[in-house]
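Heads up, run_11.cif below (mmCIF, C-alpha atoms):
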data_model
loop_
_atom_site.label_atom_id
_atom_site.label_comp_id
_atom_site.auth_asym_id
_atom_site.auth_seq_id
_atom_site.Cartn_x
_atom_site.Cartn_y
_atom_site.Cartn_z
CA MET A 1 0.00 0.00 0.00
CA GLY A 2 2.85 2.35 0.76
CA GLU A 3 4.21 2.05 -2.77
CA ILE A 4 0.78 2.72 -4.28
CA ASP A 5 0.33 5.74 -2.03
CA THR A 6 3.72 7.07 -3.07
CA ARG A 7 2.88 6.75 -6.79
CA ALA A 8 -0.48 8.41 -6.26
CA GLU A 9 1.22 11.19 -4.35
CA PHE A 10 3.74 11.65 -7.16
CA GLY A 11 1.00 11.68 -9.79
CA GLY A 12 -0.91 14.27 -7.79
CA ARG A 13 2.10 16.54 -7.58
CA MET A 14 2.68 16.22 -11.35
CA MET A 15 -0.96 17.08 -12.08
CA GLN A 16 -0.70 20.09 -9.78
CA ARG A 17 2.45 21.31 -11.52
CA LEU A 18 0.86 20.79 -14.95
CA LEU A 19 -2.20 22.75 -13.84
CA ILE A 20 -0.05 25.60 -12.53
CA ALA A 21 1.96 25.68 -15.78
CA THR A 22 -1.22 25.67 -17.87
CA LEU A 23 -2.71 28.50 -15.84
CA ALA A 24 0.52 30.47 -16.25
CA VAL A 25 0.42 30.03 -20.03
CA VAL A 26 -3.23 31.08 -20.16
CA ALA A 27 -2.51 34.11 -17.97
CA PHE A 28 0.43 35.13 -20.16
CA ALA A 29 -1.61 34.71 -23.36
CA SER A 30 -4.43 36.73 -21.84
CA ALA A 31 -2.02 39.47 -20.78
CA VAL A 32 -0.55 39.62 -24.30
CA CYS A 33 -4.03 39.75 -25.81
CA VAL A 34 -5.12 42.52 -23.46
CA HIS A 35 -1.88 44.39 -24.18
CA ALA A 36 -2.48 44.19 -27.93
CA GLN A 37 -6.10 45.25 -27.58
CA ALA A 38 -5.10 48.23 -25.46
CA TYR A 39 -2.23 49.28 -27.76
CA PRO A 40 -1.37 52.06 -28.06
CA THR A 41 -1.73 53.61 -24.64
CA LYS A 42 0.73 56.44 -25.31
CA PRO A 43 2.13 58.38 -28.29
CA VAL A 44 3.74 56.35 -31.08
CA ARG A 45 6.92 57.55 -32.77
CA LEU A 46 6.98 57.19 -36.59
CA VAL A 47 10.58 57.48 -37.75
CA VAL A 48 11.17 58.96 -41.22
CA ALA A 49 14.69 58.81 -42.67
CA SER A 50 14.17 62.04 -44.56
CA THR A 51 13.55 65.74 -44.00
CA PRO A 52 10.28 67.56 -43.22
CA GLY A 53 8.40 68.42 -46.39
CA SER A 54 9.94 65.63 -48.46
CA ALA A 55 7.80 63.24 -50.50
CA LEU A 56 8.45 60.55 -47.88
CA ASP A 57 7.30 62.92 -45.14
CA ILE A 58 4.06 63.70 -47.01
CA HIS A 59 3.19 60.01 -47.14
CA ALA A 60 4.24 59.37 -43.54
CA ARG A 61 2.07 62.24 -42.30
CA LEU A 62 -0.87 61.04 -44.34
CA LEU A 63 -0.66 57.65 -42.64
CA GLY A 64 0.27 59.02 -39.22
CA ASN A 65 -2.66 61.43 -39.07
CA GLN A 66 -5.14 58.67 -39.83
CA LEU A 67 -3.60 56.22 -37.37
CA SER A 68 -3.71 58.92 -34.71
CA GLU A 69 -7.46 59.25 -35.25
CA LEU A 70 -7.97 55.49 -35.10
CA TRP A 71 -5.81 55.03 -32.02
CA LYS A 72 -6.82 58.18 -30.14
CA GLN A 73 -3.11 58.70 -29.51
CA PRO A 74 -0.63 61.08 -31.16
CA VAL A 75 1.58 59.65 -33.88
CA LEU A 76 4.72 61.79 -33.77
CA MET A 77 6.99 62.30 -36.77
CA ASP A 78 10.66 61.71 -35.92
CA TYR A 79 13.03 62.80 -38.71
CA LYS A 80 16.40 61.10 -38.99
CA PRO A 81 17.79 61.84 -42.47
CA GLY A 82 21.22 61.06 -43.85
CA GLY A 83 23.56 58.23 -44.67
CA SER A 84 21.45 56.74 -47.46
CA MET A 85 18.68 56.36 -44.88
CA MET A 86 20.96 54.25 -42.69
CA ILE A 87 20.76 56.63 -39.71
CA GLY A 88 17.01 56.28 -39.40
CA ALA A 89 17.04 52.56 -40.12
CA ASP A 90 19.71 51.84 -37.51
CA TYR A 91 17.86 53.92 -34.92
CA VAL A 92 14.74 51.83 -35.37
CA ALA A 93 16.69 48.56 -35.45
CA LYS A 94 18.14 49.34 -32.01
CA SER A 95 14.87 50.67 -30.51
CA ASN A 96 12.76 48.95 -27.88
CA PRO A 97 10.48 46.41 -29.63
CA ASP A 98 7.34 47.51 -27.82
CA GLY A 99 5.42 48.90 -30.77
CA TYR A 100 6.00 52.53 -29.88
CA THR A 101 8.75 53.07 -32.45
CA LEU A 102 7.78 52.38 -36.05
CA PHE A 103 9.63 53.06 -39.30
CA PHE A 104 8.03 54.50 -42.44
CA SER A 105 10.40 53.81 -45.31
CA ILE A 106 10.93 53.17 -48.98
CA ASP A 107 13.02 50.27 -50.30
CA THR A 108 16.43 51.96 -49.92
CA PRO A 109 17.45 50.67 -46.45
CA PHE A 110 16.13 47.15 -47.06
CA VAL A 111 17.08 46.40 -50.65
CA VAL A 112 19.28 49.02 -52.34
CA ASN A 113 21.67 49.48 -49.41
CA ILE A 114 21.89 45.75 -48.85
CA VAL A 115 23.09 45.05 -52.41
CA THR A 116 25.23 48.15 -53.02
CA LEU A 117 26.95 49.12 -49.77
CA PRO A 118 29.68 46.94 -48.25
CA LYS A 119 29.05 47.82 -44.60
CA LEU A 120 25.76 48.54 -42.86
CA PRO A 121 25.15 49.21 -39.16
CA TYR A 122 22.03 47.04 -39.21
CA THR A 123 20.74 43.81 -40.74
CA MET A 124 17.33 42.89 -42.14
CA ALA A 125 16.96 40.46 -39.25
CA GLU A 126 16.69 43.44 -36.88
CA PHE A 127 13.32 44.45 -38.37
CA SER A 128 9.79 43.12 -38.36
CA PRO A 129 8.03 44.04 -41.62
CA ILE A 130 4.41 45.08 -41.06
CA SER A 131 2.79 46.17 -44.33
CA PHE A 132 3.23 47.91 -47.62
CA TRP A 133 1.77 51.42 -47.84
CA SER A 134 2.16 51.98 -51.58
CA MET A 135 3.75 50.75 -54.79
CA ASN A 136 5.54 53.56 -56.59
CA PRO A 137 6.12 53.06 -60.32
CA PHE A 138 8.97 54.72 -62.15
CA VAL A 139 8.28 56.05 -65.63
CA LEU A 140 10.80 55.88 -68.44
CA VAL A 141 10.93 59.40 -69.86
CA VAL A 142 12.88 61.11 -72.60
CA ASN A 143 13.44 64.66 -73.78
CA SER A 144 10.42 65.63 -75.90
CA ASN A 145 12.68 66.46 -78.86
CA LEU A 146 14.22 62.98 -78.96
CA PRO A 147 12.89 61.27 -82.12
CA VAL A 148 11.36 58.26 -80.35
CA LYS A 149 7.75 57.40 -79.54
CA ASN A 150 8.13 54.08 -77.72
CA VAL A 151 10.66 51.79 -76.09
CA SER A 152 11.45 49.97 -79.34
CA ASP A 153 12.33 53.28 -80.98
CA LEU A 154 14.55 54.22 -78.04
CA ILE A 155 16.42 50.93 -78.05
CA ALA A 156 16.99 51.16 -81.81
CA LEU A 157 18.33 54.71 -81.42
CA LEU A 158 20.65 53.73 -78.57
CA ARG A 159 21.97 50.68 -80.40
CA ALA A 160 22.70 52.78 -83.47
CA ASN A 161 24.50 55.39 -81.36
CA PRO A 162 26.36 53.60 -78.55
CA GLY A 163 27.67 55.96 -75.88
CA LYS A 164 26.31 59.10 -77.58
CA PHE A 165 23.37 59.78 -75.28
CA ASN A 166 23.13 60.57 -71.57
CA GLY A 167 20.85 59.25 -68.87
CA SER A 168 20.12 61.17 -65.66
CA SER A 169 19.94 59.62 -62.21
CA ALA A 170 19.43 61.01 -58.73
CA SER A 171 19.39 57.88 -56.57
CA ALA A 172 20.81 54.40 -56.30
CA SER A 173 17.38 53.02 -57.25
CA THR A 174 17.23 54.90 -60.55
CA LEU A 175 20.89 54.13 -61.28
CA LEU A 176 20.21 50.41 -60.86
CA THR A 177 17.16 50.73 -63.10
CA HIS A 178 19.29 52.30 -65.84
CA GLU A 179 21.79 49.47 -65.48
CA MET A 180 18.99 46.91 -65.82
CA LEU A 181 17.87 48.51 -69.08
CA LYS A 182 21.42 48.50 -70.39
CA SER A 183 21.86 44.86 -69.46
CA LEU A 184 18.57 43.46 -70.75
CA ALA A 185 18.28 45.63 -73.88
CA GLY A 186 21.96 45.46 -74.82
CA VAL A 187 22.43 49.22 -75.04
CA ASP A 188 25.03 51.66 -73.78
CA TYR A 189 24.82 55.29 -72.72
CA ALA A 190 26.51 57.52 -70.16
CA LEU A 191 24.94 58.17 -66.76
CA ILE A 192 25.06 61.56 -65.06
CA ASN A 193 24.25 61.53 -61.36
CA TYR A 194 22.52 64.55 -59.82
CA LYS A 195 22.14 65.48 -56.17
CA GLY A 196 18.36 65.67 -56.33
CA GLY A 197 15.43 64.45 -58.38
CA LEU A 198 14.37 67.94 -59.44
CA GLU A 199 17.81 68.57 -60.93
CA ALA A 200 17.71 65.24 -62.73
CA ILE A 201 14.31 65.81 -64.30
CA ALA A 202 15.20 69.40 -65.20
CA SER A 203 18.23 68.11 -67.09
CA ILE A 204 15.93 65.97 -69.25
CA ALA A 205 13.63 68.91 -69.99
CA ALA A 206 16.63 71.08 -70.91
CA GLY A 207 18.13 68.43 -73.17
CA GLU A 208 21.34 68.08 -71.13
CA THR A 209 20.41 64.43 -70.70
CA GLN A 210 17.97 62.46 -72.81
CA ILE A 211 16.78 59.45 -70.77
CA ALA A 212 15.59 59.05 -67.20
CA PHE A 213 13.70 56.78 -64.87
CA TYR A 214 11.70 58.95 -62.54
CA ASP A 215 8.92 58.59 -60.00
CA LEU A 216 5.59 59.49 -61.53
CA GLY A 217 4.48 61.93 -58.82
CA ASN A 218 7.37 64.32 -59.34
CA ALA A 219 7.43 63.93 -63.13
CA GLN A 220 3.77 64.81 -63.68
CA ALA A 221 4.27 68.59 -64.00
CA MET A 222 6.96 68.22 -66.67
CA ILE A 223 4.87 65.63 -68.51
CA LYS A 224 1.79 67.87 -68.59
CA ALA A 225 3.90 70.79 -69.77
CA GLY A 226 5.11 68.69 -72.70
CA LYS A 227 8.76 69.06 -71.75
CA ILE A 228 9.31 65.32 -71.37
CA ARG A 229 7.67 62.30 -72.98
CA VAL A 230 6.68 59.11 -71.19
CA LEU A 231 7.52 55.91 -73.04
CA ALA A 232 6.76 53.24 -70.45
CA GLN A 233 6.39 52.36 -66.80
CA THR A 234 8.72 50.06 -64.88
CA PRO A 235 6.67 47.58 -62.76
CA SER A 236 6.29 44.02 -64.03
CA GLN A 237 2.56 44.71 -64.47
CA ARG A 238 0.80 47.96 -65.30
CA SER A 239 0.07 50.10 -62.28
CA ARG A 240 -3.55 51.04 -61.66
CA VAL A 241 -2.37 54.63 -61.42
CA ILE A 242 -1.30 54.72 -65.09
CA PRO A 243 -3.08 51.77 -66.73
CA ASP A 244 -2.79 53.18 -70.26
CA ILE A 245 1.02 53.29 -70.22
CA PRO A 246 2.75 50.02 -71.25
CA THR A 247 5.45 48.45 -69.12
CA VAL A 248 9.05 48.25 -70.27
CA ALA A 249 8.76 44.45 -70.19
CA GLU A 250 5.73 44.29 -72.46
CA SER A 251 7.44 46.79 -74.76
CA GLY A 252 10.03 44.17 -75.62
CA VAL A 253 12.55 44.17 -72.75
CA GLN A 254 11.64 40.86 -71.18
CA GLY A 255 12.38 40.42 -67.49
CA PHE A 256 12.52 44.14 -66.81
CA GLU A 257 11.09 45.24 -63.46
CA GLY A 258 11.68 48.39 -61.43
CA GLY A 259 10.17 51.09 -59.26
CA THR A 260 10.04 51.59 -55.54
CA TRP A 261 7.59 51.01 -52.72
CA SER A 262 6.92 52.28 -49.24
CA GLY A 263 5.95 50.42 -46.10
CA VAL A 264 6.01 50.25 -42.33
CA PHE A 265 8.41 48.31 -40.13
CA ALA A 266 9.01 47.72 -36.42
CA PRO A 267 12.07 46.53 -34.52
CA ALA A 268 12.49 42.75 -34.50
CA LYS A 269 10.81 40.91 -31.61
CA THR A 270 7.91 43.37 -31.50
CA PRO A 271 4.94 41.24 -30.31
CA ARG A 272 3.09 39.67 -33.23
CA GLU A 273 -0.23 40.85 -31.80
CA ILE A 274 0.94 44.46 -32.15
CA ILE A 275 2.31 43.80 -35.64
CA ASN A 276 -1.08 42.39 -36.63
CA LYS A 277 -2.97 45.33 -35.17
CA VAL A 278 -0.80 47.95 -36.86
CA GLY A 279 -1.03 46.04 -40.14
CA ALA A 280 -4.81 45.79 -39.93
CA ASP A 281 -5.10 49.51 -39.21
CA ILE A 282 -2.81 50.37 -42.14
CA ARG A 283 -5.15 48.37 -44.35
CA ARG A 284 -8.11 50.31 -42.97
CA VAL A 285 -6.39 53.58 -43.83
CA VAL A 286 -5.32 52.47 -47.32
CA GLU A 287 -8.88 51.39 -48.11
CA MET A 288 -10.39 54.75 -47.14
CA PRO A 289 -11.66 56.26 -50.43
CA ASP A 290 -10.29 59.74 -49.73
CA ILE A 291 -6.86 58.38 -48.76
CA ALA A 292 -6.74 56.13 -51.82
CA ALA A 293 -7.62 59.13 -53.98
CA LYS A 294 -4.86 61.21 -52.41
CA LEU A 295 -2.28 58.48 -52.96
CA THR A 296 -3.31 58.06 -56.58
CA GLY A 297 -3.02 61.83 -56.99
CA LEU A 298 0.54 61.59 -55.67
CA GLY A 299 1.34 59.08 -58.42
CA VAL A 300 1.45 55.91 -56.32
CA GLU A 301 -0.73 52.84 -56.04
CA PRO A 302 -2.32 52.26 -52.59
CA ARG A 303 -1.22 48.87 -51.28
CA ALA A 304 -1.47 47.11 -47.92
CA SER A 305 -0.16 43.60 -47.27
CA SER A 306 0.65 40.96 -44.72
CA PRO A 307 4.10 40.94 -43.07
CA GLU A 308 4.89 37.73 -44.96
CA GLU A 309 4.06 39.27 -48.34
CA LEU A 310 6.28 42.27 -47.66
CA SER A 311 9.12 40.01 -46.45
CA LYS A 312 8.96 37.83 -49.57
CA PHE A 313 8.87 40.86 -51.86
CA ILE A 314 11.99 42.25 -50.17
CA ALA A 315 13.80 38.92 -50.44
CA ASP A 316 12.92 38.50 -54.14
CA SER A 317 13.90 42.09 -54.96
CA THR A 318 17.19 41.76 -53.11
CA MET A 319 18.11 38.63 -55.06
CA ARG A 320 17.21 40.26 -58.39
CA TRP A 321 19.22 43.44 -57.76
CA ALA A 322 22.14 41.53 -56.23
CA ARG A 323 22.48 39.51 -59.44
CA LEU A 324 22.52 42.71 -61.49
CA VAL A 325 25.10 44.37 -59.23
CA LYS A 326 27.38 41.34 -59.57
CA GLU A 327 26.90 40.99 -63.33
CA ARG A 328 27.50 44.69 -64.00
CA ASN A 329 30.18 45.07 -61.31
CA ILE A 330 28.33 48.07 -59.90
CA LYS A 331 30.06 49.87 -57.08
CA LEU A 332 28.38 52.69 -55.19
CA SER A 333 29.54 54.83 -52.32
CA GLU A 334 27.33 56.04 -49.48
#
Just dump the structure as structure tokens.
Amino acid sequence: MGEIDTRAEFGGRMMQRLLIATLAVVAFASAVCVHAQAYPTKPVRLVVASTPGSALDIHARLLGNQLSELWKQPVLMDYKPGGSMMIGADYVAKSNPDGYTLFFSIDTPFVVNIVTLPKLPYTMAEFSPISFWSMNPFVLVVNSNLPVKNVSDLIALLRANPGKFNGSSASASTLLTHEMLKSLAGVDYALINYKGGLEAIASIAAGETQIAFYDLGNAQAMIKAGKIRVLAQTPSQRSRVIPDIPTVAESGVQGFEGGTWSGVFAPAKTPREIINKVGADIRRVVEMPDIAAKLTGLGVEPRASSPEELSKFIADSTMRWARLVKERNIKLSE
């Protein structure tokens, strides 16, 4: 009987421990759930690796103002420009993963810097992607006096005159896009790098350069004035913003894909419940008719996504651009 009593006693203690452990797990899960439901309970910092008044700032404020209304908490803009957006990215990467520091960014820190710069103060593993905000097509534009009406005409002209024309670029993204065209179309032309996008597009209008890849929003004024001509857009599929303009790929340059995007990130290890809530609220904002109309007016396509979709897109883009950088032996400095 003593042995049976001992086994029963042991079994009772094990059941008690299992019950305590189960209750602890339930309590923790409940606490996490309550925390996510309550989030945010204080102001949220939205880091922007650019300056006030920039295109990136306009988009960040558009999102931040709407989230502030949904959350009944201020969403504060925190500007950290410089270093090819590395300063802002690194700040977020090293921030407390509690959901109160978020990063509104384009692809530069997560794709372009990764494939073009040898040393970075952060890694992609230090971030939790949340959602896209928009897809931003580039347009392939030329000086209006250039005797071409489509991509085929342009390629024929460039092949007949290797090295005689100039392309303008104002960012690593547009430089890489030029290099992709050169590689896939088998053409050659010089590239002139400008400090800013306005200088680059002005050079096309003035005829100093003849070819450019430029974001639609900032090119619209020159296009309407007839100073530059749009030949194609760069995404793999036509953007809903400019559905009547063919893509470079469908114009004969197979495999061509370019453009940028914007999205929201958090530091790695931010609770998934908070990631899900922020992502769901971004989707709510993107689907608001007035917000969608404003984004379209800015020349971008409204786009929300799951964290997994954004992560896969980044991984695929990084592989594609890394191959190009290696093949073309592209070297960029910060």
Within 12 Å of segment 58-80 of chain A, which residues of segment 99-181 of chain A show up? Give each one with its shortest atom-to-atom distance in Å (one decimal) and the two atoms involved, counting only C-alpha atoms, rows by chain then rising residue number, as CSV.
residue,atom,partner,partner_atom,distance
A:Gly99,CA,A:Val75,CA,11.8
A:Tyr100,CA,A:Val75,CA,9.3
A:Thr101,CA,A:Asp78,CA,9.5
A:Leu102,CA,A:Asp78,CA,9.8
A:Phe103,CA,A:Ala60,CA,9.3
A:Phe104,CA,A:Ala60,CA,6.3
A:Ser105,CA,A:Ala60,CA,8.5
A:Ile106,CA,A:His59,CA,10.5
A:Phe132,CA,A:Leu63,CA,11.6
A:Trp133,CA,A:Leu63,CA,8.5
A:Ser134,CA,A:His59,CA,9.2
A:Asn136,CA,A:His59,CA,11.7
Just the selected residues (C-alpha atoms), exported as a tab-separated table (two decimals), keeping the file's coordinate frame, please.
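Ended up saving to again00.tsv:
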chain	number	residue	atom	x	y	z
A	99	GLY	CA	5.42	48.90	-30.77
A	100	TYR	CA	6.00	52.53	-29.88
A	101	THR	CA	8.75	53.07	-32.45
A	102	LEU	CA	7.78	52.38	-36.05
A	103	PHE	CA	9.63	53.06	-39.30
A	104	PHE	CA	8.03	54.50	-42.44
A	105	SER	CA	10.40	53.81	-45.31
A	106	ILE	CA	10.93	53.17	-48.98
A	132	PHE	CA	3.23	47.91	-47.62
A	133	TRP	CA	1.77	51.42	-47.84
A	134	SER	CA	2.16	51.98	-51.58
A	136	ASN	CA	5.54	53.56	-56.59
With all atoms listed in the file counted and 9 Å as the cut-off, give the residues of segment 228-247 of chain A in contact with segment 253-269 of chain A, each with its shortest interatomic distance in Å and the pair that gives it, as CSV.
residue,atom,partner,partner_atom,distance
A:Gln233,CA,A:Gly258,CA,8.5
A:Thr234,CA,A:Gly258,CA,4.8
A:Pro235,CA,A:Glu257,CA,5.0
A:Ser236,CA,A:Glu257,CA,5.0
A:Gln237,CA,A:Glu257,CA,8.6
A:Thr247,CA,A:Phe256,CA,8.6
Any idea what's packed within 9 Å of Ala89 of chain A, counting all atoms listed in the file, ignoring anything in its chain fewer than 6 positions away? Could you give it as a PDB file with C-alpha atoms, keeping the file's coordinate frame?
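So the final result, stored in around-v3.pdb, reads:
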ATOM      1  CA  VAL A  47      10.580  57.480 -37.750  1.00  0.00           C
ATOM      2  CA  VAL A  48      11.170  58.960 -41.220  1.00  0.00           C
ATOM      3  CA  ALA A  49      14.690  58.810 -42.670  1.00  0.00           C
ATOM      4  CA  LYS A  80      16.400  61.100 -38.990  1.00  0.00           C
ATOM      5  CA  PHE A 103       9.630  53.060 -39.300  1.00  0.00           C
ATOM      6  CA  SER A 105      10.400  53.810 -45.310  1.00  0.00           C
ATOM      7  CA  PRO A 109      17.450  50.670 -46.450  1.00  0.00           C
ATOM      8  CA  PHE A 110      16.130  47.150 -47.060  1.00  0.00           C
ATOM      9  CA  PRO A 121      25.150  49.210 -39.160  1.00  0.00           C
ATOM     10  CA  TYR A 122      22.030  47.040 -39.210  1.00  0.00           C
TER      11      TYR A 122
END
Counting all atoms listed in the file, the option among A:Ala219, A:Ala304, A:Ile245, A:Leu295 closest to Ile282 of chain A: A:Ala304
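For Ser50 of chain A, the list of residues within 8 Å, based on all atoms listed in the file and with local chain neighbours fewer than 5 positions off taken out, reads Leu56, Asp57, Tyr79, Lys80, Pro81, Gly82 and Met85 of chain A.
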Point-to-point distance in Å for atom CA of Arg240 of chain A and atom CA of Asn193 of chain A: 29.7 Å
Missing atoms in segment 195-215 of chain A: fill them in up to N, CA and C atoms and send the result as a PDB file, in the coordinates of the input.
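Output file result35.pdb follows:
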ATOM      1  N   LYS A 195      22.364  65.513 -57.620  1.00  0.00           N
ATOM      2  CA  LYS A 195      22.140  65.480 -56.170  1.00  0.00           C
ATOM      3  C   LYS A 195      20.683  65.283 -55.799  1.00  0.00           C
ATOM      4  N   GLY A 196      19.779  65.769 -56.649  1.00  0.00           N
ATOM      5  CA  GLY A 196      18.360  65.670 -56.330  1.00  0.00           C
ATOM      6  C   GLY A 196      17.525  65.339 -57.546  1.00  0.00           C
ATOM      7  N   GLY A 197      16.314  64.844 -57.296  1.00  0.00           N
ATOM      8  CA  GLY A 197      15.430  64.450 -58.380  1.00  0.00           C
ATOM      9  C   GLY A 197      15.003  65.608 -59.258  1.00  0.00           C
ATOM     10  N   LEU A 198      14.801  66.782 -58.664  1.00  0.00           N
ATOM     11  CA  LEU A 198      14.370  67.940 -59.440  1.00  0.00           C
ATOM     12  C   LEU A 198      15.450  68.348 -60.438  1.00  0.00           C
ATOM     13  N   GLU A 199      16.706  68.257 -60.022  1.00  0.00           N
ATOM     14  CA  GLU A 199      17.810  68.570 -60.930  1.00  0.00           C
ATOM     15  C   GLU A 199      17.863  67.557 -62.068  1.00  0.00           C
ATOM     16  N   ALA A 200      17.642  66.299 -61.724  1.00  0.00           N
ATOM     17  CA  ALA A 200      17.710  65.240 -62.730  1.00  0.00           C
ATOM     18  C   ALA A 200      16.624  65.408 -63.785  1.00  0.00           C
ATOM     19  N   ILE A 201      15.405  65.676 -63.347  1.00  0.00           N
ATOM     20  CA  ILE A 201      14.310  65.810 -64.300  1.00  0.00           C
ATOM     21  C   ILE A 201      14.438  67.099 -65.104  1.00  0.00           C
ATOM     22  N   ALA A 202      14.985  68.146 -64.483  1.00  0.00           N
ATOM     23  CA  ALA A 202      15.200  69.400 -65.200  1.00  0.00           C
ATOM     24  C   ALA A 202      16.229  69.220 -66.306  1.00  0.00           C
ATOM     25  N   SER A 203      17.204  68.352 -66.074  1.00  0.00           N
ATOM     26  CA  SER A 203      18.230  68.110 -67.090  1.00  0.00           C
ATOM     27  C   SER A 203      17.641  67.439 -68.329  1.00  0.00           C
ATOM     28  N   ILE A 204      16.617  66.609 -68.116  1.00  0.00           N
ATOM     29  CA  ILE A 204      15.930  65.970 -69.250  1.00  0.00           C
ATOM     30  C   ILE A 204      15.163  67.026 -70.042  1.00  0.00           C
ATOM     31  N   ALA A 205      14.424  67.869 -69.335  1.00  0.00           N
ATOM     32  CA  ALA A 205      13.630  68.910 -69.990  1.00  0.00           C
ATOM     33  C   ALA A 205      14.516  69.873 -70.781  1.00  0.00           C
ATOM     34  N   ALA A 206      15.718  70.147 -70.255  1.00  0.00           N
ATOM     35  CA  ALA A 206      16.630  71.080 -70.910  1.00  0.00           C
ATOM     36  C   ALA A 206      17.430  70.444 -72.030  1.00  0.00           C
ATOM     37  N   GLY A 207      17.394  69.113 -72.120  1.00  0.00           N
ATOM     38  CA  GLY A 207      18.130  68.430 -73.170  1.00  0.00           C
ATOM     39  C   GLY A 207      19.567  68.107 -72.808  1.00  0.00           C
ATOM     40  N   GLU A 208      19.978  68.405 -71.561  1.00  0.00           N
ATOM     41  CA  GLU A 208      21.340  68.080 -71.130  1.00  0.00           C
ATOM     42  C   GLU A 208      21.518  66.560 -71.057  1.00  0.00           C
ATOM     43  N   THR A 209      20.469  65.888 -70.647  1.00  0.00           N
ATOM     44  CA  THR A 209      20.410  64.430 -70.700  1.00  0.00           C
ATOM     45  C   THR A 209      19.154  64.067 -71.498  1.00  0.00           C
ATOM     46  N   GLN A 210      19.082  62.830 -71.930  1.00  0.00           N
ATOM     47  CA  GLN A 210      17.970  62.460 -72.810  1.00  0.00           C
ATOM     48  C   GLN A 210      17.050  61.378 -72.249  1.00  0.00           C
ATOM     49  N   ILE A 211      17.524  60.623 -71.267  1.00  0.00           N
ATOM     50  CA  ILE A 211      16.780  59.450 -70.770  1.00  0.00           C
ATOM     51  C   ILE A 211      16.774  59.458 -69.254  1.00  0.00           C
ATOM     52  N   ALA A 212      15.637  59.138 -68.670  1.00  0.00           N
ATOM     53  CA  ALA A 212      15.590  59.050 -67.200  1.00  0.00           C
ATOM     54  C   ALA A 212      14.504  58.086 -66.761  1.00  0.00           C
ATOM     55  N   PHE A 213      14.740  57.496 -65.602  1.00  0.00           N
ATOM     56  CA  PHE A 213      13.700  56.780 -64.870  1.00  0.00           C
ATOM     57  C   PHE A 213      13.354  57.665 -63.686  1.00  0.00           C
ATOM     58  N   TYR A 214      12.083  57.979 -63.553  1.00  0.00           N
ATOM     59  CA  TYR A 214      11.700  58.950 -62.540  1.00  0.00           C
ATOM     60  C   TYR A 214      10.379  58.550 -61.915  1.00  0.00           C
ATOM     61  N   ASP A 215      10.190  58.908 -60.641  1.00  0.00           N
ATOM     62  CA  ASP A 215       8.920  58.590 -60.000  1.00  0.00           C
ATOM     63  C   ASP A 215       7.823  59.453 -60.603  1.00  0.00           C
TER      64      ASP A 215
END
